[in-house]
file protein09.pdb (PDB, C-alpha atoms, pLDDT in the B column)
MODEL        1
ATOM      1  CA  MET A   1      -3.343 -15.568 -25.672  1.00 45.00           C
ATOM      2  CA  SER A   2      -1.930 -18.476 -23.769  1.00 41.00           C
ATOM      3  CA  GLY A   3      -3.991 -21.376 -22.526  1.00 40.00           C
ATOM      4  CA  ALA A   4      -3.437 -20.310 -18.914  1.00 39.00           C
ATOM      5  CA  LEU A   5      -4.803 -16.857 -19.650  1.00 43.00           C
ATOM      6  CA  ALA A   6      -7.823 -18.263 -21.435  1.00 42.00           C
ATOM      7  CA  LEU A   7      -8.627 -20.426 -18.412  1.00 34.00           C
ATOM      8  CA  ARG A   8      -8.776 -17.321 -16.265  1.00 45.00           C
ATOM      9  CA  SER A   9     -11.355 -15.512 -18.367  1.00 46.00           C
ATOM     10  CA  PRO A  10     -13.781 -13.969 -17.951  1.00 42.00           C
ATOM     11  CA  ILE A  11     -12.397 -12.106 -14.955  1.00 49.00           C
ATOM     12  CA  LEU A  12     -15.624 -11.544 -13.070  1.00 48.00           C
ATOM     13  CA  GLY A  13     -14.563 -14.104 -10.488  1.00 50.00           C
ATOM     14  CA  SER A  14     -11.705 -11.790  -9.549  1.00 47.00           C
ATOM     15  CA  VAL A  15     -13.997  -8.799  -9.374  1.00 48.00           C
ATOM     16  CA  ARG A  16     -17.148  -9.956  -7.634  1.00 43.00           C
ATOM     17  CA  GLY A  17     -16.838 -13.669  -6.948  1.00 38.00           C
ATOM     18  CA  VAL A  18     -18.952 -14.541  -9.994  1.00 37.00           C
ATOM     19  CA  ASP A  19     -17.785 -17.639 -11.822  1.00 40.00           C
ATOM     20  CA  HIS A  20     -19.139 -16.876 -15.264  1.00 42.00           C
ATOM     21  CA  VAL A  21     -21.204 -14.457 -17.266  1.00 44.00           C
ATOM     22  CA  PRO A  22     -22.350 -16.198 -20.441  1.00 45.00           C
ATOM     23  CA  GLY A  23     -22.043 -14.366 -23.726  1.00 46.00           C
ATOM     24  CA  THR A  24     -25.187 -13.403 -25.536  1.00 45.00           C
ATOM     25  CA  ARG A  25     -25.125 -15.333 -28.794  1.00 46.00           C
ATOM     26  CA  SER A  26     -28.828 -15.392 -29.558  1.00 44.00           C
ATOM     27  CA  GLY A  27     -28.717 -11.962 -31.177  1.00 58.00           C
ATOM     28  CA  VAL A  28     -26.253  -9.504 -32.625  1.00 73.00           C
ATOM     29  CA  ASP A  29     -23.593  -8.326 -30.204  1.00 82.00           C
ATOM     30  CA  PRO A  30     -23.465  -4.562 -29.651  1.00 91.00           C
ATOM     31  CA  ASP A  31     -20.816  -2.443 -31.324  1.00 93.00           C
ATOM     32  CA  ASP A  32     -17.777  -1.210 -29.403  1.00 94.00           C
ATOM     33  CA  ALA A  33     -19.370   2.115 -28.496  1.00 95.00           C
ATOM     34  CA  GLU A  34     -22.395   0.394 -26.986  1.00 96.00           C
ATOM     35  CA  VAL A  35     -20.144  -1.976 -25.049  1.00 96.00           C
ATOM     36  CA  GLY A  36     -18.351   1.076 -23.658  1.00 96.00           C
ATOM     37  CA  ARG A  37     -21.588   2.737 -22.596  1.00 96.00           C
ATOM     38  CA  ARG A  38     -22.862  -0.417 -20.937  1.00 96.00           C
ATOM     39  CA  PHE A  39     -19.482  -0.979 -19.263  1.00 96.00           C
ATOM     40  CA  ALA A  40     -19.605   2.507 -17.757  1.00 95.00           C
ATOM     41  CA  ALA A  41     -23.145   1.823 -16.566  1.00 95.00           C
ATOM     42  CA  GLY A  42     -21.992  -1.292 -14.672  1.00 94.00           C
ATOM     43  CA  ASP A  43     -23.391  -3.967 -16.993  1.00 94.00           C
ATOM     44  CA  GLU A  44     -21.485  -7.167 -16.171  1.00 92.00           C
ATOM     45  CA  GLN A  45     -22.183  -8.550 -19.628  1.00 93.00           C
ATOM     46  CA  ALA A  46     -20.277  -5.578 -21.050  1.00 94.00           C
ATOM     47  CA  LEU A  47     -17.279  -6.605 -18.931  1.00 94.00           C
ATOM     48  CA  ALA A  48     -17.399 -10.080 -20.482  1.00 93.00           C
ATOM     49  CA  TRP A  49     -17.609  -8.563 -23.968  1.00 94.00           C
ATOM     50  CA  ALA A  50     -14.743  -6.181 -23.215  1.00 95.00           C
ATOM     51  CA  TYR A  51     -12.530  -9.034 -22.056  1.00 95.00           C
ATOM     52  CA  GLU A  52     -13.425 -11.097 -25.101  1.00 94.00           C
ATOM     53  CA  ARG A  53     -12.679  -8.269 -27.528  1.00 95.00           C
ATOM     54  CA  TRP A  54      -9.639  -6.555 -26.016  1.00 96.00           C
ATOM     55  CA  ALA A  55      -7.864  -8.924 -23.637  1.00 94.00           C
ATOM     56  CA  GLY A  56      -5.673 -10.044 -26.530  1.00 94.00           C
ATOM     57  CA  GLN A  57      -4.500  -6.495 -27.188  1.00 94.00           C
ATOM     58  CA  VAL A  58      -3.818  -5.849 -23.497  1.00 95.00           C
ATOM     59  CA  HIS A  59      -2.051  -9.178 -23.090  1.00 94.00           C
ATOM     60  CA  GLY A  60       0.077  -8.442 -26.152  1.00 93.00           C
ATOM     61  CA  MET A  61       1.297  -5.225 -24.563  1.00 93.00           C
ATOM     62  CA  ALA A  62       2.160  -7.063 -21.368  1.00 92.00           C
ATOM     63  CA  VAL A  63       4.005  -9.799 -23.270  1.00 90.00           C
ATOM     64  CA  ARG A  64       6.104  -7.178 -25.047  1.00 90.00           C
ATOM     65  CA  ALA A  65       7.021  -5.751 -21.638  1.00 87.00           C
ATOM     66  CA  PHE A  66       7.682  -8.969 -19.689  1.00 82.00           C
ATOM     67  CA  GLY A  67       7.674 -11.879 -22.121  1.00 83.00           C
ATOM     68  CA  PRO A  68       5.063 -14.636 -22.097  1.00 81.00           C
ATOM     69  CA  GLY A  69       4.202 -16.086 -18.713  1.00 77.00           C
ATOM     70  CA  PRO A  70       2.674 -15.196 -15.343  1.00 77.00           C
ATOM     71  CA  ASP A  71       3.833 -11.571 -15.346  1.00 79.00           C
ATOM     72  CA  ALA A  72       2.006 -10.748 -18.568  1.00 86.00           C
ATOM     73  CA  GLU A  73      -1.073 -12.675 -17.483  1.00 86.00           C
ATOM     74  CA  ASP A  74      -1.128 -10.955 -14.091  1.00 84.00           C
ATOM     75  CA  VAL A  75      -0.955  -7.527 -15.719  1.00 89.00           C
ATOM     76  CA  THR A  76      -3.783  -8.460 -18.092  1.00 91.00           C
ATOM     77  CA  GLN A  77      -5.903  -9.561 -15.159  1.00 89.00           C
ATOM     78  CA  GLN A  78      -5.072  -6.440 -13.174  1.00 88.00           C
ATOM     79  CA  VAL A  79      -6.014  -4.162 -16.076  1.00 93.00           C
ATOM     80  CA  PHE A  80      -9.538  -5.513 -16.354  1.00 93.00           C
ATOM     81  CA  VAL A  81     -10.047  -5.643 -12.603  1.00 90.00           C
ATOM     82  CA  ALA A  82      -8.876  -2.033 -12.299  1.00 90.00           C
ATOM     83  CA  ALA A  83     -11.024  -0.950 -15.240  1.00 94.00           C
ATOM     84  CA  TRP A  84     -14.124  -2.577 -13.815  1.00 93.00           C
ATOM     85  CA  THR A  85     -13.675  -1.367 -10.243  1.00 92.00           C
ATOM     86  CA  GLY A  86     -12.803   2.113 -11.520  1.00 92.00           C
ATOM     87  CA  ARG A  87     -15.451   2.293 -14.234  1.00 94.00           C
ATOM     88  CA  ALA A  88     -16.989   5.407 -12.632  1.00 93.00           C
ATOM     89  CA  ARG A  89     -14.006   7.316 -14.025  1.00 94.00           C
ATOM     90  CA  PHE A  90     -14.568   6.073 -17.578  1.00 95.00           C
ATOM     91  CA  ARG A  91     -16.290   8.536 -19.897  1.00 94.00           C
ATOM     92  CA  PRO A  92     -17.461   6.674 -23.019  1.00 93.00           C
ATOM     93  CA  ASP A  93     -18.238   9.940 -24.832  1.00 91.00           C
ATOM     94  CA  ASP A  94     -14.663  11.156 -24.370  1.00 92.00           C
ATOM     95  CA  SER A  95     -12.661   8.012 -25.150  1.00 91.00           C
ATOM     96  CA  PRO A  96     -13.362   4.537 -26.547  1.00 95.00           C
ATOM     97  CA  LEU A  97     -13.120   1.702 -24.067  1.00 96.00           C
ATOM     98  CA  PRO A  98     -10.117  -0.057 -25.719  1.00 96.00           C
ATOM     99  CA  ALA A  99      -8.091   3.171 -25.568  1.00 95.00           C
ATOM    100  CA  TRP A 100      -8.916   3.518 -21.882  1.00 96.00           C
ATOM    101  CA  LEU A 101      -7.848  -0.078 -21.265  1.00 96.00           C
ATOM    102  CA  VAL A 102      -4.553   0.548 -23.072  1.00 95.00           C
ATOM    103  CA  GLY A 103      -3.898   3.517 -20.802  1.00 95.00           C
ATOM    104  CA  ILE A 104      -4.545   1.421 -17.707  1.00 95.00           C
ATOM    105  CA  CYS A 105      -2.260  -1.291 -19.081  1.00 94.00           C
ATOM    106  CA  ARG A 106       0.586   1.174 -19.513  1.00 94.00           C
ATOM    107  CA  HIS A 107       0.231   2.236 -15.895  1.00 92.00           C
ATOM    108  CA  LYS A 108       0.160  -1.376 -14.672  1.00 90.00           C
ATOM    109  CA  ILE A 109       3.280  -2.215 -16.669  1.00 90.00           C
ATOM    110  CA  ALA A 110       5.066   0.826 -15.239  1.00 90.00           C
ATOM    111  CA  ASP A 111       3.982  -0.164 -11.718  1.00 86.00           C
ATOM    112  CA  ALA A 112       5.303  -3.693 -12.207  1.00 83.00           C
ATOM    113  CA  TRP A 113       8.686  -2.440 -13.403  1.00 83.00           C
ATOM    114  CA  ALA A 114       8.830   0.017 -10.500  1.00 82.00           C
ATOM    115  CA  ARG A 115       8.262  -2.827  -8.024  1.00 77.00           C
ATOM    116  CA  ARG A 116      11.028  -4.855  -9.637  1.00 72.00           C
ATOM    117  CA  ASP A 117      13.433  -1.928  -9.514  1.00 74.00           C
ATOM    118  CA  LYS A 118      12.544  -1.267  -5.871  1.00 76.00           C
ATOM    119  CA  HIS A 119      13.259  -4.874  -4.918  1.00 68.00           C
ATOM    120  CA  ARG A 120      16.563  -4.806  -6.747  1.00 70.00           C
ATOM    121  CA  ARG A 121      17.672  -1.500  -5.215  1.00 74.00           C
ATOM    122  CA  GLU A 122      16.792  -2.686  -1.708  1.00 71.00           C
ATOM    123  CA  ALA A 123      18.733  -5.901  -2.146  1.00 67.00           C
ATOM    124  CA  GLU A 124      21.747  -4.184  -3.666  1.00 69.00           C
ATOM    125  CA  ALA A 125      21.767  -1.553  -0.911  1.00 72.00           C
ATOM    126  CA  ALA A 126      21.628  -4.244   1.775  1.00 67.00           C
ATOM    127  CA  MET A 127      24.488  -6.126   0.164  1.00 65.00           C
ATOM    128  CA  THR A 128      26.587  -2.973  -0.168  1.00 71.00           C
ATOM    129  CA  GLU A 129      26.021  -2.168   3.504  1.00 68.00           C
ATOM    130  CA  ALA A 130      26.976  -5.696   4.540  1.00 62.00           C
ATOM    131  CA  GLN A 131      30.167  -5.626   2.482  1.00 64.00           C
ATOM    132  CA  ALA A 132      31.145  -2.236   3.925  1.00 68.00           C
ATOM    133  CA  ARG A 133      31.157  -3.475   7.513  1.00 63.00           C
ATOM    134  CA  PRO A 134      34.562  -3.748   9.237  1.00 61.00           C
ATOM    135  CA  GLY A 135      36.160  -7.093   8.577  1.00 53.00           C
ATOM    136  CA  GLY A 136      34.215  -7.715   5.377  1.00 50.00           C
ATOM    137  CA  PRO A 137      31.014  -9.655   4.876  1.00 49.00           C
ATOM    138  CA  VAL A 138      32.339 -12.999   6.135  1.00 46.00           C
ATOM    139  CA  THR A 139      34.040 -12.080   9.420  1.00 42.00           C
ATOM    140  CA  ALA A 140      31.473  -9.429  10.258  1.00 44.00           C
ATOM    141  CA  GLY A 141      28.640 -11.906  10.073  1.00 46.00           C
ATOM    142  CA  VAL A 142      27.052 -10.910   6.798  1.00 48.00           C
ATOM    143  CA  ASP A 143      23.312 -10.338   6.602  1.00 54.00           C
ATOM    144  CA  THR A 144      22.563 -13.684   5.028  1.00 59.00           C
ATOM    145  CA  ALA A 145      19.030 -12.670   4.097  1.00 60.00           C
ATOM    146  CA  ALA A 146      20.384  -9.747   2.062  1.00 60.00           C
ATOM    147  CA  THR A 147      23.043 -11.943   0.470  1.00 61.00           C
ATOM    148  CA  ASP A 148      20.514 -14.587  -0.460  1.00 63.00           C
ATOM    149  CA  ARG A 149      18.250 -11.923  -1.924  1.00 63.00           C
ATOM    150  CA  VAL A 150      21.042 -10.563  -4.132  1.00 66.00           C
ATOM    151  CA  LEU A 151      21.901 -14.062  -5.305  1.00 66.00           C
ATOM    152  CA  LEU A 152      18.224 -14.702  -5.989  1.00 67.00           C
ATOM    153  CA  LEU A 153      17.983 -11.544  -8.099  1.00 67.00           C
ATOM    154  CA  ASP A 154      21.044 -12.603 -10.052  1.00 67.00           C
ATOM    155  CA  GLU A 155      19.612 -16.067 -10.528  1.00 67.00           C
ATOM    156  CA  LEU A 156      16.344 -14.572 -11.810  1.00 68.00           C
ATOM    157  CA  ASP A 157      18.283 -12.884 -14.597  1.00 66.00           C
ATOM    158  CA  HIS A 158      19.066 -16.370 -15.920  1.00 68.00           C
ATOM    159  CA  LEU A 159      15.530 -17.717 -15.694  1.00 68.00           C
ATOM    160  CA  GLY A 160      12.915 -17.740 -18.403  1.00 67.00           C
ATOM    161  CA  GLN A 161       9.165 -17.723 -17.983  1.00 66.00           C
ATOM    162  CA  PRO A 162       7.203 -19.060 -16.257  1.00 72.00           C
ATOM    163  CA  GLN A 163       9.981 -19.878 -13.755  1.00 75.00           C
ATOM    164  CA  ARG A 164      10.941 -16.256 -13.151  1.00 75.00           C
ATOM    165  CA  GLY A 165       7.384 -15.125 -12.519  1.00 77.00           C
ATOM    166  CA  ILE A 166       6.803 -18.004 -10.103  1.00 82.00           C
ATOM    167  CA  ILE A 167       9.909 -17.223  -8.058  1.00 80.00           C
ATOM    168  CA  GLU A 168       9.066 -13.521  -7.924  1.00 78.00           C
ATOM    169  CA  LEU A 169       5.582 -14.300  -6.651  1.00 81.00           C
ATOM    170  CA  ALA A 170       7.008 -16.646  -4.014  1.00 82.00           C
ATOM    171  CA  PHE A 171       9.873 -14.496  -2.715  1.00 76.00           C
ATOM    172  CA  PHE A 172       8.873 -10.914  -3.447  1.00 74.00           C
ATOM    173  CA  GLU A 173       5.107 -11.092  -2.930  1.00 76.00           C
ATOM    174  CA  ASP A 174       5.253 -13.861  -0.286  1.00 79.00           C
ATOM    175  CA  LEU A 175       2.534 -15.948  -1.916  1.00 84.00           C
ATOM    176  CA  THR A 176       2.058 -19.589  -0.970  1.00 88.00           C
ATOM    177  CA  HIS A 177       2.420 -22.343  -3.547  1.00 88.00           C
ATOM    178  CA  ALA A 178      -1.344 -22.704  -3.701  1.00 87.00           C
ATOM    179  CA  GLN A 179      -1.823 -18.961  -4.196  1.00 87.00           C
ATOM    180  CA  ILE A 180       0.746 -18.920  -7.003  1.00 86.00           C
ATOM    181  CA  ALA A 181      -0.984 -21.837  -8.697  1.00 84.00           C
ATOM    182  CA  GLU A 182      -4.326 -20.028  -8.456  1.00 82.00           C
ATOM    183  CA  ARG A 183      -2.917 -16.773  -9.817  1.00 80.00           C
ATOM    184  CA  THR A 184      -0.962 -18.296 -12.706  1.00 75.00           C
ATOM    185  CA  GLY A 185      -3.357 -21.088 -13.622  1.00 75.00           C
ATOM    186  CA  LEU A 186      -0.482 -23.610 -13.485  1.00 79.00           C
ATOM    187  CA  PRO A 187      -0.729 -26.967 -11.667  1.00 85.00           C
ATOM    188  CA  LEU A 188       0.409 -26.935  -8.045  1.00 87.00           C
ATOM    189  CA  GLY A 189       2.958 -29.670  -8.768  1.00 87.00           C
ATOM    190  CA  THR A 190       4.529 -27.547 -11.521  1.00 85.00           C
ATOM    191  CA  ILE A 191       4.814 -24.589  -9.151  1.00 87.00           C
ATOM    192  CA  LYS A 192       6.545 -26.724  -6.513  1.00 86.00           C
ATOM    193  CA  SER A 193       8.925 -28.241  -9.075  1.00 86.00           C
ATOM    194  CA  HIS A 194      10.009 -24.853 -10.443  1.00 82.00           C
ATOM    195  CA  ILE A 195      10.619 -23.462  -6.950  1.00 85.00           C
ATOM    196  CA  ARG A 196      12.485 -26.584  -5.813  1.00 85.00           C
ATOM    197  CA  ARG A 197      14.823 -26.574  -8.826  1.00 83.00           C
ATOM    198  CA  THR A 198      15.565 -22.880  -8.423  1.00 78.00           C
ATOM    199  CA  LEU A 199      16.320 -23.287  -4.721  1.00 79.00           C
ATOM    200  CA  GLU A 200      18.651 -26.169  -5.531  1.00 80.00           C
ATOM    201  CA  ARG A 201      20.574 -23.966  -7.961  1.00 76.00           C
ATOM    202  CA  LEU A 202      20.734 -21.193  -5.363  1.00 71.00           C
ATOM    203  CA  ARG A 203      21.982 -23.597  -2.706  1.00 73.00           C
ATOM    204  CA  THR A 204      24.771 -24.697  -5.026  1.00 75.00           C
ATOM    205  CA  ARG A 205      25.702 -21.089  -5.735  1.00 65.00           C
ATOM    206  CA  LEU A 206      25.766 -20.237  -2.032  1.00 63.00           C
ATOM    207  CA  GLU A 207      28.082 -23.166  -1.346  1.00 66.00           C
ATOM    208  CA  VAL A 208      30.400 -22.199  -4.192  1.00 63.00           C
ATOM    209  CA  ASP A 209      30.444 -18.504  -3.270  1.00 57.00           C
ATOM    210  CA  GLY A 210      31.033 -19.333   0.386  1.00 51.00           C
ATOM    211  CA  ALA A 211      33.967 -21.586  -0.488  1.00 50.00           C
ATOM    212  CA  ALA A 212      35.453 -18.854  -2.675  1.00 49.00           C
ATOM    213  CA  LEU A 213      35.221 -16.269   0.103  1.00 44.00           C
ATOM    214  CA  HIS A 214      37.021 -18.590   2.521  1.00 45.00           C
ATOM    215  CA  ALA A 215      39.745 -19.605   0.020  1.00 48.00           C
TER     216      ALA A 215
ENDMDL
END

call {"tool": "encode", "arguments": {"input": "protein09.pdb", "output": "C-alpha cells"}}
result
Amino acid sequence: MSGALALRSPILGSVRGVDHVPGTRSGVDPDDAEVGRRFAAGDEQALAWAYERWAGQVHGMAVRAFGPGPDAEDVTQQVFVAAWTGRARFRPDDSPLPAWLVGICRHKIADAWARRDKHRREAEAAMTEAQARPGGPVTAGVDTAATDRVLLLDELDHLGQPQRGIIELAFFEDLTHAQIAERTGLPLGTIKSHIRRTLERLRTRLEVDGAALHA
C-alpha cells in the first residue's frame, strides 16, 4: 500500500471519531475466523485487525480498477467504513470476512465507475444541446459551464494520478482544498499546486478553442 494509505489507517477515525485502536501484541492474535466473529459482534479491535490483514488485498483491487492514487485509496477507505457500519449483515458462519470485504469492494468500484459515467454523460449531453442551438454554440451564447465541463473531462483523460483524483474531487464532488487534502492524505500545498496547474492548462485550451471557433 502507498504511504498515504498507511497514514489513514486504521479507519476507526472515519467510523466513530476514534483516532486509534492499538493492536494487541502481548499475546497471539486470533485466527481469521475469530476476527470475523468478533467483527460481527462489534469489537473495534477486530476492525483494526481486519484492516491490518486485508486492506492490502482490497487496495490492490482498487488499484487495478483506477490506478494508484486517491481513487484507489478512497475506495479502500469506503469498503472498510461500509463493512463496519453494515456489520449486522455479515454472517461469519456463512462467509469468511475477507470474502465479504471483496464483495463490498466490487460494489464500491462499480459505484465509482457509475458516477464517472454519469458525469461524462451529463457533460456530453449538455454540450450536444448547446451545439444544436440555432446559430451554433458561439452566436447562441453557449452554456459555458457545460463547455468547460466537457473540456475538463477531456483534460482528465490526459492526467495521471494523483492529479486526476484531485481534480475529480474538486469539480465533481465539490470538495474544498482542505477537504481534499484530508481525504487523500496529501499536503494542502500539493493539492493547490495540482489544481492550479490543471486550471492553467484548461485556460489555455479555452483560449485556443475560442480562437479557432472565431477564425

call {"tool": "atom_distance", "arguments": {"input": "protein09.pdb", "atom1": "atom CA of Asp74 of chain A", "atom2": "atom CA of Thr198 of chain A"}}
result
21.3 Å

call {"tool": "residues_around", "arguments": {"input": "protein09.pdb", "residues": "Arg37 of chain A", "least_positions_apart": "4", "cutoff": "7 Å", "atoms": "all atoms listed in the file", "output": "ChimeraX atom specification"}}
result
/A:33,41,92

call {"tool": "closest_residue", "arguments": {"input": "protein09.pdb", "among": "A:Pro70, A:Glu182, A:Ala114, A:Ala99", "to": "Ile167 of chain A", "atoms": "all atoms listed in the file"}}
result
A:Pro70

call {"tool": "atom_distance", "arguments": {"input": "protein09.pdb", "atom1": "atom CA of Glu122 of chain A", "atom2": "atom CA of Ala178 of chain A"}}
result
27.1 Å

call {"tool": "resolve_selection", "arguments": {"input": "protein09.pdb", "expression": "the PyMOL selection byres ((chain A and resi 61) around 10)", "output": "PyMOL selection string"}}
result
chain A and resi 55-60+62-67+72+75-76+102+105-106+109

call {"tool": "atom_distance", "arguments": {"input": "protein09.pdb", "atom1": "atom CA of Glu173 of chain A", "atom2": "atom CA of Arg203 of chain A"}}
result
21.0 Å

call {"tool": "residues_around", "arguments": {"input": "protein09.pdb", "residues": "Arg91 of chain A", "least_positions_apart": "2", "cutoff": "12 Å", "atoms": "all atoms listed in the file", "output": "list in words"}}
result
Ala33, Gly36, Arg37, Arg38, Phe39, Ala40, Ala41, Ala83, Gly86, Arg87, Ala88, Arg89, Asp93, Asp94, Ser95, Pro96, Leu97, Ala99 and Trp100 of chain A
